[in-house]
Each structure stands twice: as structure tokens, then as C-alpha cells.
$ cat data.tsv   # TSV, C-alpha atoms
chain	number	residue	atom	x	y	z
A	68	MET	CA	-19.55	-110.64	1.05
A	69	PHE	CA	-23.12	-109.52	0.28
A	70	TRP	CA	-24.38	-111.04	3.55
A	71	LYS	CA	-21.69	-109.31	5.59
A	72	LEU	CA	-22.54	-105.95	4.04
A	73	THR	CA	-26.26	-106.55	4.67
A	74	LEU	CA	-25.54	-107.48	8.28
A	75	VAL	CA	-23.45	-104.32	8.80
A	76	VAL	CA	-26.17	-102.12	7.28
A	77	LEU	CA	-28.88	-103.74	9.42
A	78	THR	CA	-26.74	-103.41	12.56
A	79	LEU	CA	-26.05	-99.74	11.86
A	80	GLY	CA	-29.74	-99.13	11.10
A	81	GLY	CA	-30.85	-100.86	14.31
A	82	THR	CA	-28.31	-98.91	16.35
A	83	ALA	CA	-29.45	-95.63	14.78
A	84	CYS	CA	-33.11	-96.46	15.50
A	85	GLY	CA	-32.26	-97.35	19.10
A	86	LEU	CA	-30.41	-94.07	19.58
A	87	LEU	CA	-33.35	-92.14	18.09
A	88	VAL	CA	-35.73	-93.87	20.52
A	89	LEU	CA	-33.47	-93.01	23.46
A	90	ARG	CA	-33.25	-89.38	22.35
A	91	GLN	CA	-37.03	-89.15	21.99
A	92	GLN	CA	-37.53	-90.63	25.46
A	93	GLU	CA	-35.09	-88.10	26.91
A	94	GLN	CA	-36.98	-85.24	25.26
A	95	ASP	CA	-40.29	-86.60	26.59
A	96	VAL	CA	-38.84	-86.78	30.11
A	97	LEU	CA	-37.55	-83.20	29.87
A	98	ALA	CA	-40.91	-81.95	28.56
A	99	THR	CA	-42.78	-83.71	31.37
A	100	GLN	CA	-40.30	-82.37	33.92
A	101	SER	CA	-40.75	-78.78	32.75
A	102	THR	CA	-44.54	-79.18	32.81
A	103	LEU	CA	-44.41	-80.52	36.36
A	104	ARG	CA	-42.10	-77.69	37.45
A	105	ARG	CA	-44.56	-75.13	36.05
A	106	GLN	CA	-47.40	-76.85	37.92
A	107	ILE	CA	-45.38	-76.92	41.16
A	108	SER	CA	-44.54	-73.24	40.75
A	109	SER	CA	-48.19	-72.40	40.18
A	110	LEU	CA	-49.30	-74.44	43.21
A	111	GLU	CA	-46.65	-72.84	45.43
A	112	LYS	CA	-47.77	-69.39	44.31
A	113	ASP	CA	-51.38	-70.31	45.07
A	114	LEU	CA	-50.35	-71.69	48.47
A	115	ARG	CA	-48.50	-68.46	49.34
A	116	ALA	CA	-51.53	-66.40	48.33
A	117	LYS	CA	-53.86	-68.52	50.44
A	118	SER	CA	-51.46	-68.42	53.38
A	119	PHE	CA	-51.34	-64.62	53.12
A	120	ARG	CA	-55.14	-64.47	52.95
A	121	ILE	CA	-55.51	-66.69	56.03
A	122	GLY	CA	-53.03	-64.54	57.91
A	123	GLU	CA	-54.91	-61.43	56.84
A	124	LEU	CA	-58.29	-62.84	57.92
A	125	SER	CA	-57.02	-64.12	61.27
A	126	ASN	CA	-55.73	-60.72	62.33
A	127	LEU	CA	-57.01	-60.01	65.87
A	128	ARG	CA	-58.26	-56.54	64.98
A	129	ARG	CA	-60.21	-57.92	62.03
A	130	LEU	CA	-61.69	-60.73	64.14
A	131	GLU	CA	-62.81	-58.20	66.74
A	132	GLU	CA	-64.46	-56.09	64.03
A	133	TYR	CA	-66.25	-59.21	62.75
A	134	ARG	CA	-67.44	-60.07	66.26
A	135	VAL	CA	-68.80	-56.57	66.85
A	136	ARG	CA	-70.49	-56.51	63.43
A	137	THR	CA	-72.20	-59.89	63.87
A	138	GLU	CA	-73.33	-59.09	67.41
A	139	ALA	CA	-74.76	-55.76	66.22
A	140	ALA	CA	-76.66	-57.49	63.41
A	141	GLY	CA	-78.01	-60.09	65.84
A	142	ASP	CA	-76.74	-62.99	63.74
A	143	LEU	CA	-74.54	-64.57	66.40
A	144	LEU	CA	-74.13	-64.38	70.14
A	145	TRP	CA	-70.48	-64.59	71.12
A	146	MET	CA	-69.75	-66.17	74.48
A	147	PRO	CA	-66.28	-66.40	76.06
A	148	PHE	CA	-64.70	-69.72	76.93
A	149	PRO	CA	-65.50	-70.81	80.50
A	150	PHE	CA	-61.78	-71.47	80.96
A	151	ALA	CA	-58.56	-70.07	79.59
A	152	PRO	CA	-57.45	-72.32	76.71
A	153	GLU	CA	-53.85	-73.46	76.77
A	154	PHE	CA	-52.56	-73.72	73.24
A	155	ASP	CA	-49.11	-74.94	74.24
A	156	ARG	CA	-48.91	-78.68	74.73
A	157	PRO	CA	-47.72	-79.73	78.17
A	158	LEU	CA	-44.38	-81.44	78.45
A	159	LYS	CA	-44.40	-85.22	78.24
A	160	ASN	CA	-44.20	-86.91	81.61
A	161	SER	CA	-41.45	-89.43	82.14
A	162	ALA	CA	-42.44	-93.05	82.59
A	163	VAL	CA	-43.00	-94.05	86.22
A	164	PRO	CA	-43.56	-97.48	87.77
A	165	SER	CA	-47.19	-98.62	87.91
A	166	GLU	CA	-47.33	-98.77	91.74
A	167	VAL	CA	-46.50	-95.08	91.93
A	168	VAL	CA	-49.28	-94.32	89.45
A	169	ALA	CA	-51.74	-96.53	91.33
A	170	ASN	CA	-50.99	-94.80	94.63
A	171	LYS	CA	-51.14	-91.31	93.19
A	172	ARG	CA	-54.78	-90.25	92.73
A	173	ASP	CA	-54.62	-86.95	90.84
A	174	VAL	CA	-57.84	-85.36	89.76
A	175	PRO	CA	-57.66	-84.68	86.01
A	176	ASN	CA	-58.13	-81.09	84.93
A	177	PRO	CA	-59.10	-79.75	81.50
A	178	SER	CA	-55.51	-78.90	80.60
A	179	ASN	CA	-54.22	-82.47	80.75
A	180	LEU	CA	-57.19	-84.44	79.39
A	181	GLY	CA	-56.33	-84.04	75.69
A	182	SER	CA	-52.67	-84.98	75.80
$ encode --input "data.tsv" --output "C-alpha cells"
Amino acid sequence: MFWKLTLVVLTLGGTACGLLVLRQQEQDVLATQSTLRRQISSLEKDLRAKSFRIGELSNLRRLEEYRVRTEAAGDLLWMPFPFAPEFDRPLKNSAVPSEVVANKRDVPNPSNLGS
């Protein structure tokens, strides 16, 4: 009878310790999760601020003022592009047989060299 009672007490004690460990791990996970959410929130706020600042600095009027100011100070000489840049990517060409490509001798131009 003594051994049965001892076994029951040890089983209950082990179960209680296991449950305490699980509860502590859950609290650690929740604490880490809240810390990470605060960090994510802070980084998103910083990203929005930097995005706003980039948008503010890349305003065309502000860039023109910067160009005029640096030319007046003699720091930089601004030269226009020798061609009109195309910022939109051209559409992808469909695949054609190799004999058609070999017979067609197109001269490459600056707009289709980078694609």
C-alpha cells in the first residue's frame, strides 16, 4: 500500500511539473511574440518614414532646385541624356523559329539592348 501511494504521489508530482514547464514555455513564446511584433511595428514605421522622405526628395520641383543650385555654385555640370530614356520595359517577344531569326538582320537600338 505504501508503494502504491508513493507511486501516485510521484506521478502527480511529475505531471504537475510537466504542466508547469509547458505553461512557462507558452509564456516565453508569447513574450517573444510580443517583442517581435513591437520590433516589426517599429521597422514598418521607420520604413514608412523613409519612403515618405524618398518621395519628398525625389519631387521634380525639388530636383530642379537642386540642379540650379549646384550649377550656380559650380560644383556639378548637368548634361542631358543623349537619348530619351524609356523606363517602361518593352513587351516580351514571342518565340520564333531559329531560321526566321537568322534571316532577319535587325540592327539593335539602345531601347532593346538591356532586355
$ atom_distance --input "data.tsv" --atom1 "CA of Leu86 in chain A" --atom2 "CA of Ser101 in chain A"
22.7 Å
$ atom_distance --input "data.tsv" --atom1 "CA of Phe148 in chain A" --atom2 "CA of Ile121 in chain A"
23.0 Å
$ atom_distance --input "data.tsv" --atom1 "CA of Phe119 in chain A" --atom2 "CA of Asp142 in chain A"
27.6 Å
$ closest_atom_pairs --input "data.tsv" --of "range 90-135 of chain A" --to "range 68-85 of chain A" --cutoff "12 Å" --atoms "all atoms listed in the file" --output "tab-separated table"
residue	atom	partner	partner_atom	distance
A:Arg90	CA	A:Gly85	CA	8.7
A:Gln91	CA	A:Gly85	CA	9.9
A:Gln92	CA	A:Gly85	CA	10.6
$ write_last_selection --input "data.tsv" --atoms "C-alpha atoms" --output "PDB file, keeping the file's coordinate frame"
ATOM      1  CA  ARG A  90     -33.250 -89.380  22.350  1.00  0.00           C
ATOM      2  CA  GLN A  91     -37.030 -89.150  21.990  1.00  0.00           C
ATOM      3  CA  GLN A  92     -37.530 -90.630  25.460  1.00  0.00           C
TER       4      GLN A  92
END
